[in-house]
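Student: For reference, the file my_file.pdb (PDB, C-alpha atoms) is included below:
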MODEL        1
ATOM      1  CA  VAL N   1       4.180 -20.507  -6.565  1.00  0.00           C
ATOM      2  CA  ARG N   2       1.932 -19.476  -3.699  1.00  0.00           C
ATOM      3  CA  SER N   3      -0.885 -18.369  -6.012  1.00  0.00           C
ATOM      4  CA  CYS N   4      -0.436 -21.034  -8.710  1.00  0.00           C
ATOM      5  CA  GLU N   5       0.045 -24.116  -6.552  1.00  0.00           C
ATOM      6  CA  THR N   6      -2.462 -23.828  -3.734  1.00  0.00           C
ATOM      7  CA  ASP N   7      -1.284 -27.147  -2.247  1.00  0.00           C
ATOM      8  CA  LEU N   8       2.149 -25.577  -1.720  1.00  0.00           C
ATOM      9  CA  ALA N   9       0.982 -22.140  -0.557  1.00  0.00           C
ATOM     10  CA  ASP N  10       1.587 -22.770   3.147  1.00  0.00           C
ATOM     11  CA  LYS N  11       4.926 -24.493   2.499  1.00  0.00           C
ATOM     12  CA  ILE N  12       6.468 -21.563   0.591  1.00  0.00           C
ATOM     13  CA  GLY N  13       7.459 -18.430   2.489  1.00  0.00           C
ATOM     14  CA  LEU N  14       8.410 -14.970   1.267  1.00  0.00           C
ATOM     15  CA  ARG N  15      10.711 -12.609   3.170  1.00  0.00           C
ATOM     16  CA  MET N  16      11.772  -9.348   1.601  1.00  0.00           C
ATOM     17  CA  GLY N  17      12.303  -6.883   4.405  1.00  0.00           C
ATOM     18  CA  HIS N  18      11.802  -3.122   3.925  1.00  0.00           C
ATOM     19  CA  GLY N  19       8.215  -3.324   5.150  1.00  0.00           C
ATOM     20  CA  VAL N  20       7.078  -5.684   2.397  1.00  0.00           C
ATOM     21  CA  ARG N  21       4.413  -8.073   3.675  1.00  0.00           C
ATOM     22  CA  GLU N  22       5.920 -11.443   4.431  1.00  0.00           C
ATOM     23  CA  TYR N  23       4.150 -14.723   3.896  1.00  0.00           C
ATOM     24  CA  GLU N  24       4.781 -17.816   5.945  1.00  0.00           C
ATOM     25  CA  SER N  25       3.054 -20.230   8.276  1.00  0.00           C
ATOM     26  CA  TYR N  26       4.075 -22.924  10.721  1.00  0.00           C
ATOM     27  CA  LYS N  27       4.025 -25.312   7.705  1.00  0.00           C
ATOM     28  CA  THR N  28       6.599 -23.280   5.732  1.00  0.00           C
ATOM     29  CA  LYS N  29       9.481 -25.431   4.447  1.00  0.00           C
ATOM     30  CA  ALA N  30      11.115 -23.111   1.873  1.00  0.00           C
ATOM     31  CA  TRP N  31      11.602 -19.345   1.834  1.00  0.00           C
ATOM     32  CA  PHE N  32      12.201 -17.023  -1.094  1.00  0.00           C
ATOM     33  CA  VAL N  33      14.200 -14.044   0.134  1.00  0.00           C
ATOM     34  CA  THR N  34      16.031 -11.092  -1.340  1.00  0.00           C
ATOM     35  CA  THR N  35      19.820 -11.013  -1.341  1.00  0.00           C
ATOM     36  CA  GLY N  36      19.820  -8.150   1.151  1.00  0.00           C
ATOM     37  CA  TYR N  37      17.516 -10.040   3.487  1.00  0.00           C
ATOM     38  CA  VAL N  38      19.683 -13.178   3.586  1.00  0.00           C
ATOM     39  CA  VAL N  39      22.815 -11.044   4.033  1.00  0.00           C
ATOM     40  CA  ARG N  40      21.278  -9.376   7.104  1.00  0.00           C
ATOM     41  CA  LEU N  41      20.076 -12.755   8.398  1.00  0.00           C
ATOM     42  CA  LEU N  42      23.516 -14.368   7.978  1.00  0.00           C
ATOM     43  CA  ALA N  43      25.314 -11.378   9.467  1.00  0.00           C
ATOM     44  CA  ASN N  44      23.054 -10.968  12.495  1.00  0.00           C
ATOM     45  CA  HIS N  45      21.459 -14.382  13.094  1.00  0.00           C
ATOM     46  CA  PRO N  46      23.648 -17.157  11.634  1.00  0.00           C
ATOM     47  CA  ASP N  47      22.187 -19.619  14.161  1.00  0.00           C
ATOM     48  CA  TRP N  48      18.873 -19.392  12.268  1.00  0.00           C
ATOM     49  CA  PHE N  49      20.455 -21.696   9.668  1.00  0.00           C
ATOM     50  CA  VAL N  50      21.197 -24.502  12.168  1.00  0.00           C
ATOM     51  CA  SER N  51      17.733 -25.955  11.590  1.00  0.00           C
ATOM     52  CA  HIS N  52      18.031 -25.751   7.806  1.00  0.00           C
ATOM     53  CA  THR N  53      19.569 -28.213   5.393  1.00  0.00           C
ATOM     54  CA  HIS N  54      20.131 -26.158   2.241  1.00  0.00           C
ATOM     55  CA  LEU N  55      20.865 -22.595   1.193  1.00  0.00           C
ATOM     56  CA  ILE N  56      20.252 -22.064  -2.515  1.00  0.00           C
ATOM     57  CA  ILE N  57      21.507 -18.905  -4.208  1.00  0.00           C
ATOM     58  CA  ASP N  58      20.429 -18.271  -7.784  1.00  0.00           C
ATOM     59  CA  GLU N  59      22.140 -15.895 -10.212  1.00  0.00           C
ATOM     60  CA  VAL N  60      25.250 -15.888  -8.053  1.00  0.00           C
ATOM     61  CA  HIS N  61      27.272 -14.452 -10.947  1.00  0.00           C
ATOM     62  CA  GLU N  62      25.513 -11.079 -10.626  1.00  0.00           C
ATOM     63  CA  ARG N  63      28.311  -9.244  -8.879  1.00  0.00           C
ATOM     64  CA  SER N  64      27.327  -6.563  -6.400  1.00  0.00           C
ATOM     65  CA  VAL N  65      28.321  -5.579  -2.900  1.00  0.00           C
ATOM     66  CA  ASP N  66      25.403  -7.654  -1.560  1.00  0.00           C
ATOM     67  CA  THR N  67      26.359 -10.828  -3.441  1.00  0.00           C
ATOM     68  CA  ASP N  68      30.041 -10.473  -2.572  1.00  0.00           C
ATOM     69  CA  ILE N  69      29.167 -10.083   1.128  1.00  0.00           C
ATOM     70  CA  LEU N  70      26.706 -12.974   0.799  1.00  0.00           C
ATOM     71  CA  CYS N  71      29.469 -15.233  -0.541  1.00  0.00           C
ATOM     72  CA  LEU N  72      31.761 -14.241   2.336  1.00  0.00           C
ATOM     73  CA  LEU N  73      29.038 -14.938   4.909  1.00  0.00           C
ATOM     74  CA  CYS N  74      28.187 -18.258   3.225  1.00  0.00           C
ATOM     75  CA  ARG N  75      31.817 -19.308   3.404  1.00  0.00           C
ATOM     76  CA  ARG N  76      31.784 -18.556   7.141  1.00  0.00           C
ATOM     77  CA  LEU N  77      28.486 -20.439   7.476  1.00  0.00           C
ATOM     78  CA  LEU N  78      30.018 -23.546   5.870  1.00  0.00           C
ATOM     79  CA  HIS N  79      32.746 -23.524   8.530  1.00  0.00           C
ATOM     80  CA  SER N  80      30.377 -23.017  11.473  1.00  0.00           C
ATOM     81  CA  HIS N  81      27.564 -25.224  10.140  1.00  0.00           C
ATOM     82  CA  PRO N  82      29.257 -28.006   8.128  1.00  0.00           C
ATOM     83  CA  THR N  83      26.071 -30.003   7.523  1.00  0.00           C
ATOM     84  CA  ILE N  84      24.331 -27.284   5.508  1.00  0.00           C
ATOM     85  CA  ARG N  85      24.428 -27.712   1.738  1.00  0.00           C
ATOM     86  CA  LEU N  86      25.194 -24.574  -0.252  1.00  0.00           C
ATOM     87  CA  VAL N  87      23.849 -24.638  -3.810  1.00  0.00           C
ATOM     88  CA  LEU N  88      25.068 -21.874  -6.124  1.00  0.00           C
ATOM     89  CA  MET N  89      23.237 -21.516  -9.417  1.00  0.00           C
ATOM     90  CA  SER N  90      24.012 -19.508 -12.508  1.00  0.00           C
ATOM     91  CA  ALA N  91      23.906 -19.959 -16.239  1.00  0.00           C
ATOM     92  CA  THR N  92      27.175 -18.079 -16.661  1.00  0.00           C
ATOM     93  CA  MET N  93      29.245 -18.403 -13.499  1.00  0.00           C
ATOM     94  CA  ALA N  94      32.891 -19.426 -13.392  1.00  0.00           C
ATOM     95  CA  ALA N  95      32.207 -22.585 -11.363  1.00  0.00           C
ATOM     96  CA  GLU N  96      35.854 -23.416 -10.708  1.00  0.00           C
ATOM     97  CA  LEU N  97      36.447 -19.947  -9.218  1.00  0.00           C
ATOM     98  CA  TYR N  98      33.600 -20.450  -6.735  1.00  0.00           C
ATOM     99  CA  GLN N  99      34.801 -23.993  -6.035  1.00  0.00           C
ATOM    100  CA  GLN N 100      38.212 -22.607  -5.032  1.00  0.00           C
ATOM    101  CA  TYR N 101      36.709 -19.724  -3.037  1.00  0.00           C
ATOM    102  CA  PHE N 102      34.528 -22.035  -0.959  1.00  0.00           C
ATOM    103  CA  GLY N 103      37.250 -24.716  -0.669  1.00  0.00           C
ATOM    104  CA  ILE N 104      35.017 -27.446  -2.077  1.00  0.00           C
ATOM    105  CA  PRO N 105      36.960 -30.494  -3.290  1.00  0.00           C
ATOM    106  CA  GLN N 106      34.069 -31.980  -5.292  1.00  0.00           C
ATOM    107  CA  PRO N 107      33.757 -30.857  -8.913  1.00  0.00           C
ATOM    108  CA  PRO N 108      30.839 -28.608  -9.821  1.00  0.00           C
ATOM    109  CA  ILE N 109      27.698 -30.170 -11.229  1.00  0.00           C
ATOM    110  CA  HIS N 110      26.827 -28.918 -14.680  1.00  0.00           C
ATOM    111  CA  VAL N 111      23.246 -29.271 -15.789  1.00  0.00           C
ATOM    112  CA  GLY N 112      22.678 -29.703 -19.522  1.00  0.00           C
ATOM    113  CA  ALA N 113      22.396 -26.657 -21.688  1.00  0.00           C
ATOM    114  CA  ARG N 114      18.871 -27.000 -23.006  1.00  0.00           C
ATOM    115  CA  ARG N 115      18.121 -23.982 -25.109  1.00  0.00           C
ATOM    116  CA  PHE N 116      14.843 -22.593 -26.326  1.00  0.00           C
ATOM    117  CA  PRO N 117      14.136 -20.206 -29.183  1.00  0.00           C
ATOM    118  CA  ILE N 118      14.257 -16.635 -27.958  1.00  0.00           C
ATOM    119  CA  LYS N 119      12.675 -13.512 -29.381  1.00  0.00           C
ATOM    120  CA  GLU N 120      13.951 -10.206 -28.059  1.00  0.00           C
ATOM    121  CA  PHE N 121      11.810  -7.102 -28.000  1.00  0.00           C
ATOM    122  CA  PHE N 122      12.969  -3.639 -27.012  1.00  0.00           C
ATOM    123  CA  VAL N 123      10.897  -0.583 -26.214  1.00  0.00           C
ATOM    124  CA  GLU N 124      11.360   0.569 -29.821  1.00  0.00           C
ATOM    125  CA  ASP N 125       9.714  -2.686 -31.003  1.00  0.00           C
ATOM    126  CA  LEU N 126       6.502  -2.324 -29.038  1.00  0.00           C
ATOM    127  CA  LYS N 127       4.571  -0.891 -31.985  1.00  0.00           C
ATOM    128  CA  SER N 128       5.146  -4.155 -33.877  1.00  0.00           C
ATOM    129  CA  LEU N 129       3.339  -6.108 -31.132  1.00  0.00           C
ATOM    130  CA  CYS N 130      -0.026  -4.563 -32.043  1.00  0.00           C
ATOM    131  CA  LEU N 131      -0.822  -3.538 -28.496  1.00  0.00           C
ATOM    132  CA  SER N 132      -3.765  -1.297 -27.642  1.00  0.00           C
ATOM    133  CA  SER N 133      -3.640   2.427 -28.357  1.00  0.00           C
ATOM    134  CA  LYS N 134      -3.271   3.010 -24.582  1.00  0.00           C
ATOM    135  CA  SER N 135      -0.225   0.714 -24.555  1.00  0.00           C
ATOM    136  CA  ASP N 136       1.216   2.470 -27.608  1.00  0.00           C
ATOM    137  CA  LYS N 137       0.929   5.819 -25.833  1.00  0.00           C
ATOM    138  CA  LEU N 138       2.477   4.428 -22.626  1.00  0.00           C
ATOM    139  CA  ALA N 139       5.325   2.853 -24.614  1.00  0.00           C
ATOM    140  CA  HIS N 140       5.954   6.203 -26.283  1.00  0.00           C
ATOM    141  CA  ASP N 141       5.925   7.943 -22.871  1.00  0.00           C
ATOM    142  CA  VAL N 142       8.390   5.421 -21.392  1.00  0.00           C
ATOM    143  CA  TYR N 143      10.674   5.658 -24.414  1.00  0.00           C
ATOM    144  CA  SER N 144      10.584   9.484 -24.293  1.00  0.00           C
ATOM    145  CA  GLU N 145      11.391   9.447 -20.571  1.00  0.00           C
ATOM    146  CA  CYS N 146      14.380   7.130 -21.179  1.00  0.00           C
ATOM    147  CA  GLU N 147      15.607   9.354 -24.009  1.00  0.00           C
ATOM    148  CA  ARG N 148      15.197  12.470 -21.861  1.00  0.00           C
ATOM    149  CA  THR N 149      16.997  11.128 -18.789  1.00  0.00           C
ATOM    150  CA  MET N 150      19.406   8.882 -20.723  1.00  0.00           C
ATOM    151  CA  CYS N 151      18.525   6.311 -18.029  1.00  0.00           C
ATOM    152  CA  ARG N 152      20.890   8.018 -15.563  1.00  0.00           C
ATOM    153  CA  SER N 153      18.441   7.693 -12.715  1.00  0.00           C
ATOM    154  CA  ALA N 154      15.782   5.315 -11.543  1.00  0.00           C
ATOM    155  CA  PRO N 155      12.421   5.770 -13.252  1.00  0.00           C
ATOM    156  CA  SER N 156       9.815   7.913 -11.518  1.00  0.00           C
ATOM    157  CA  ALA N 157       6.883   6.218  -9.787  1.00  0.00           C
ATOM    158  CA  SER N 158       4.648   7.203 -12.698  1.00  0.00           C
ATOM    159  CA  THR N 159       7.053   5.726 -15.259  1.00  0.00           C
ATOM    160  CA  SER N 160       7.425   2.570 -13.146  1.00  0.00           C
ATOM    161  CA  GLU N 161       3.640   2.134 -13.138  1.00  0.00           C
ATOM    162  CA  LYS N 162       3.592   2.537 -16.916  1.00  0.00           C
ATOM    163  CA  MET N 163       6.394  -0.016 -17.258  1.00  0.00           C
ATOM    164  CA  TYR N 164       4.512  -2.502 -15.052  1.00  0.00           C
ATOM    165  CA  TYR N 165       1.337  -2.079 -17.113  1.00  0.00           C
ATOM    166  CA  LEU N 166       3.314  -2.531 -20.339  1.00  0.00           C
ATOM    167  CA  ALA N 167       5.012  -5.637 -18.960  1.00  0.00           C
ATOM    168  CA  THR N 168       1.648  -7.251 -18.268  1.00  0.00           C
ATOM    169  CA  GLN N 169       0.365  -6.297 -21.730  1.00  0.00           C
ATOM    170  CA  ILE N 170       3.512  -7.619 -23.443  1.00  0.00           C
ATOM    171  CA  THR N 171       3.282 -10.860 -21.495  1.00  0.00           C
ATOM    172  CA  ALA N 172      -0.338 -11.316 -22.551  1.00  0.00           C
ATOM    173  CA  SER N 173       0.525 -10.434 -26.164  1.00  0.00           C
ATOM    174  CA  VAL N 174       3.585 -12.616 -26.763  1.00  0.00           C
ATOM    175  CA  GLY N 175       3.135 -15.341 -24.154  1.00  0.00           C
ATOM    176  CA  GLY N 176       1.063 -18.419 -24.720  1.00  0.00           C
ATOM    177  CA  ASN N 177       0.571 -21.965 -23.540  1.00  0.00           C
ATOM    178  CA  GLY N 178       3.924 -23.681 -23.158  1.00  0.00           C
ATOM    179  CA  SER N 179       5.924 -20.459 -23.410  1.00  0.00           C
ATOM    180  CA  SER N 180       7.632 -18.185 -20.939  1.00  0.00           C
ATOM    181  CA  VAL N 181       8.211 -14.462 -20.931  1.00  0.00           C
ATOM    182  CA  LEU N 182      11.319 -13.084 -19.250  1.00  0.00           C
ATOM    183  CA  ILE N 183      11.349  -9.348 -18.701  1.00  0.00           C
ATOM    184  CA  PHE N 184      14.586  -7.733 -17.577  1.00  0.00           C
ATOM    185  CA  VAL N 185      14.207  -4.823 -15.194  1.00  0.00           C
ATOM    186  CA  PRO N 186      16.851  -2.616 -13.582  1.00  0.00           C
ATOM    187  CA  GLY N 187      18.770  -4.290 -10.758  1.00  0.00           C
ATOM    188  CA  MET N 188      19.787  -2.801  -7.442  1.00  0.00           C
ATOM    189  CA  SER N 189      22.787  -1.075  -9.005  1.00  0.00           C
ATOM    190  CA  GLY N 190      20.419   0.744 -11.343  1.00  0.00           C
ATOM    191  CA  LYS N 191      18.376   2.203  -8.496  1.00  0.00           C
ATOM    192  CA  HIS N 192      19.395   5.417  -6.793  1.00  0.00           C
TER     193      HIS N 192
ENDMDL
END
Mind turning this structure into structure tokens?

Tutor:
Amino acid sequence: VRSCETDLADKIGLRMGHGVREYESYKTKAWFVTTGYVVRLLANHPDWFVSHTHLIIDEVHERSVDTDILCLLCRRLLHSHPTIRLVLMSATMAAELYQQYFGIPQPPIHVGARRFPIKEFFVEDLKSLCLSSKSDKLAHDVYSECERTMCRSAPSASTSEKMYYLATQITASVGGNGSSVLIFVPGMSGKH
């Protein structure tokens, strides 16, 4: 958003922690943060939320220690800061379960299920995308590395760089005007 919508650049903040450069200004109105960052913020500085109106959590169904702790801290936040609005988003969550957990009497809001045609590609399919010979070699290297390690550990820095390069090439190859490319990468539980 910051790079695409220059009018919004100063209004959108980024906080990731772990030494990652953070972006914000005195004009910032919305922050994108990692789950771990908001957990630490809620645990150590819950008063920071007094001046905020909404806390939006996307992909809340992705169960992990961080998201479970986040839900607990959000429930506490709702009791100590009753004017804040908690918005939980997920395409697959059990809404009634979260409604009970947070003690919310209002029914969940379901947004229509608009679906788009999806094409799935796996590393084995990369040859069919007619990528460059460099990309073909990198795809082969990544596939060989996954076969060798059976994906039991996080990829090496070299393999991660190859995966990033391939992701950009795939996006350029299959993406076009009016389309979106969603690339799934390992989550926190996949990193060691």

Student: At a cut-off of 7 Å around the point (26.7, -21.7, 1.1) (file coordinates), what residues fall inside when counting all atoms listed in the file? I'd like the answer as a VMD selection string.

Tutor: chain N and resid 55 74 to 75 77 to 78 85 to 87

Student: Work out how far apart atom CA of Ala154 of chain N and atom CA of Leu88 of chain N are and give it in Å to one decimal.

Tutor: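 Taking atom CA of Ala154 of chain N as the start and atom CA of Leu88 of chain N as the end point, the length is 29.2 Å.
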
Student: So which one's closest to Met93 of chain N, N:Cys146, N:Ala139, N:Ser133, N:Arg63? Using only C-alpha atoms, please.

Tutor: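 So, comparing all the options, the nearest one is N:Arg63.
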
Student: Care to translate the PyMOL selection byres ((chain N and resi 29) around 8) into actual residues of this file, as a list in words?

Tutor: Lys11, Ile12, Gly13, Lys27, Thr28, Ala30 and Trp31 of chain N

Student: I'd like the interatomic distance between atom CA of Ser156 of chain N and atom CA of Gly36 of chain N, to a tenth of an Å.

Tutor: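 Computing the Euclidean distance for atom CA of Ser156 of chain N and atom CA of Gly36 of chain N yields 22.8 Å.
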
Student: Using the incomplete input, complete segment 27-38 of chain N to the level of all heavy atoms; output as a compact mmCIF listing (two decimals), in the coordinates of the input.

Tutor:
# COMPACT_ATOMS: atom_id res chain seq x y z
N LYS N 27 3.76 -24.23 8.65
CA LYS N 27 4.03 -25.31 7.70
C LYS N 27 5.12 -24.96 6.69
O LYS N 27 5.50 -25.79 5.88
CB LYS N 27 2.75 -25.65 6.93
CG LYS N 27 1.62 -26.19 7.78
CD LYS N 27 0.42 -26.46 6.90
CE LYS N 27 -0.77 -26.91 7.72
NZ LYS N 27 -1.96 -27.09 6.88
N THR N 28 5.63 -23.73 6.72
CA THR N 28 6.60 -23.28 5.73
C THR N 28 7.86 -24.14 5.77
O THR N 28 8.43 -24.36 6.83
CB THR N 28 6.94 -21.79 5.94
OG1 THR N 28 5.74 -21.03 5.82
CG2 THR N 28 7.95 -21.31 4.92
N LYS N 29 8.28 -24.59 4.59
CA LYS N 29 9.48 -25.43 4.45
C LYS N 29 10.55 -24.76 3.59
O LYS N 29 11.71 -25.16 3.63
CB LYS N 29 9.12 -26.78 3.82
CG LYS N 29 8.12 -27.59 4.63
CD LYS N 29 8.72 -28.05 5.92
CE LYS N 29 7.73 -28.88 6.71
NZ LYS N 29 8.12 -29.08 8.06
N ALA N 30 10.16 -23.79 2.76
CA ALA N 30 11.12 -23.11 1.87
C ALA N 30 10.77 -21.63 1.84
O ALA N 30 9.60 -21.26 1.83
CB ALA N 30 11.06 -23.70 0.47
N TRP N 31 11.79 -20.78 1.86
CA TRP N 31 11.60 -19.34 1.83
C TRP N 31 12.28 -18.76 0.60
O TRP N 31 13.40 -19.13 0.27
CB TRP N 31 12.23 -18.69 3.07
CG TRP N 31 11.49 -18.94 4.33
CD1 TRP N 31 10.57 -18.12 4.92
CD2 TRP N 31 11.63 -20.08 5.19
NE1 TRP N 31 10.11 -18.69 6.07
CE2 TRP N 31 10.74 -19.90 6.27
CE3 TRP N 31 12.38 -21.25 5.15
CZ2 TRP N 31 10.61 -20.82 7.29
CZ3 TRP N 31 12.24 -22.17 6.16
CH2 TRP N 31 11.37 -21.94 7.22
N PHE N 32 11.60 -17.84 -0.06
CA PHE N 32 12.20 -17.02 -1.09
C PHE N 32 12.53 -15.70 -0.42
O PHE N 32 11.66 -15.08 0.18
CB PHE N 32 11.23 -16.79 -2.26
CG PHE N 32 11.06 -18.00 -3.13
CD1 PHE N 32 10.08 -18.95 -2.84
CD2 PHE N 32 11.87 -18.19 -4.23
CE1 PHE N 32 9.92 -20.06 -3.63
CE2 PHE N 32 11.71 -19.31 -5.03
CZ PHE N 32 10.73 -20.25 -4.73
N VAL N 33 13.78 -15.28 -0.53
CA VAL N 33 14.20 -14.04 0.13
C VAL N 33 15.05 -13.22 -0.82
O VAL N 33 15.62 -13.74 -1.78
CB VAL N 33 15.00 -14.33 1.43
CG1 VAL N 33 14.18 -15.13 2.42
CG2 VAL N 33 16.30 -15.06 1.13
N THR N 34 15.15 -11.95 -0.55
CA THR N 34 16.03 -11.09 -1.34
C THR N 34 17.47 -11.30 -0.87
O THR N 34 17.71 -11.79 0.24
CB THR N 34 15.66 -9.61 -1.17
OG1 THR N 34 15.81 -9.26 0.21
CG2 THR N 34 14.23 -9.34 -1.64
N THR N 35 18.40 -10.91 -1.70
CA THR N 35 19.82 -11.01 -1.34
C THR N 35 20.10 -10.21 -0.08
O THR N 35 20.77 -10.70 0.84
CB THR N 35 20.70 -10.52 -2.49
OG1 THR N 35 20.36 -11.25 -3.67
CG2 THR N 35 22.17 -10.69 -2.20
N GLY N 36 19.59 -8.99 -0.02
CA GLY N 36 19.82 -8.15 1.15
C GLY N 36 19.27 -8.77 2.42
O GLY N 36 19.89 -8.67 3.49
N TYR N 37 18.13 -9.42 2.32
CA TYR N 37 17.52 -10.04 3.49
C TYR N 37 18.40 -11.17 4.01
O TYR N 37 18.67 -11.26 5.20
CB TYR N 37 16.12 -10.57 3.14
CG TYR N 37 15.35 -11.03 4.35
CD1 TYR N 37 14.46 -10.17 4.98
CD2 TYR N 37 15.51 -12.31 4.87
CE1 TYR N 37 13.75 -10.58 6.11
CE2 TYR N 37 14.81 -12.72 5.99
CZ TYR N 37 13.93 -11.85 6.60
OH TYR N 37 13.24 -12.25 7.71
N VAL N 38 18.86 -12.05 3.12
CA VAL N 38 19.68 -13.18 3.59
C VAL N 38 21.04 -12.69 4.09
O VAL N 38 21.60 -13.27 5.02
CB VAL N 38 19.79 -14.29 2.52
CG1 VAL N 38 20.76 -13.95 1.42
CG2 VAL N 38 20.17 -15.62 3.14
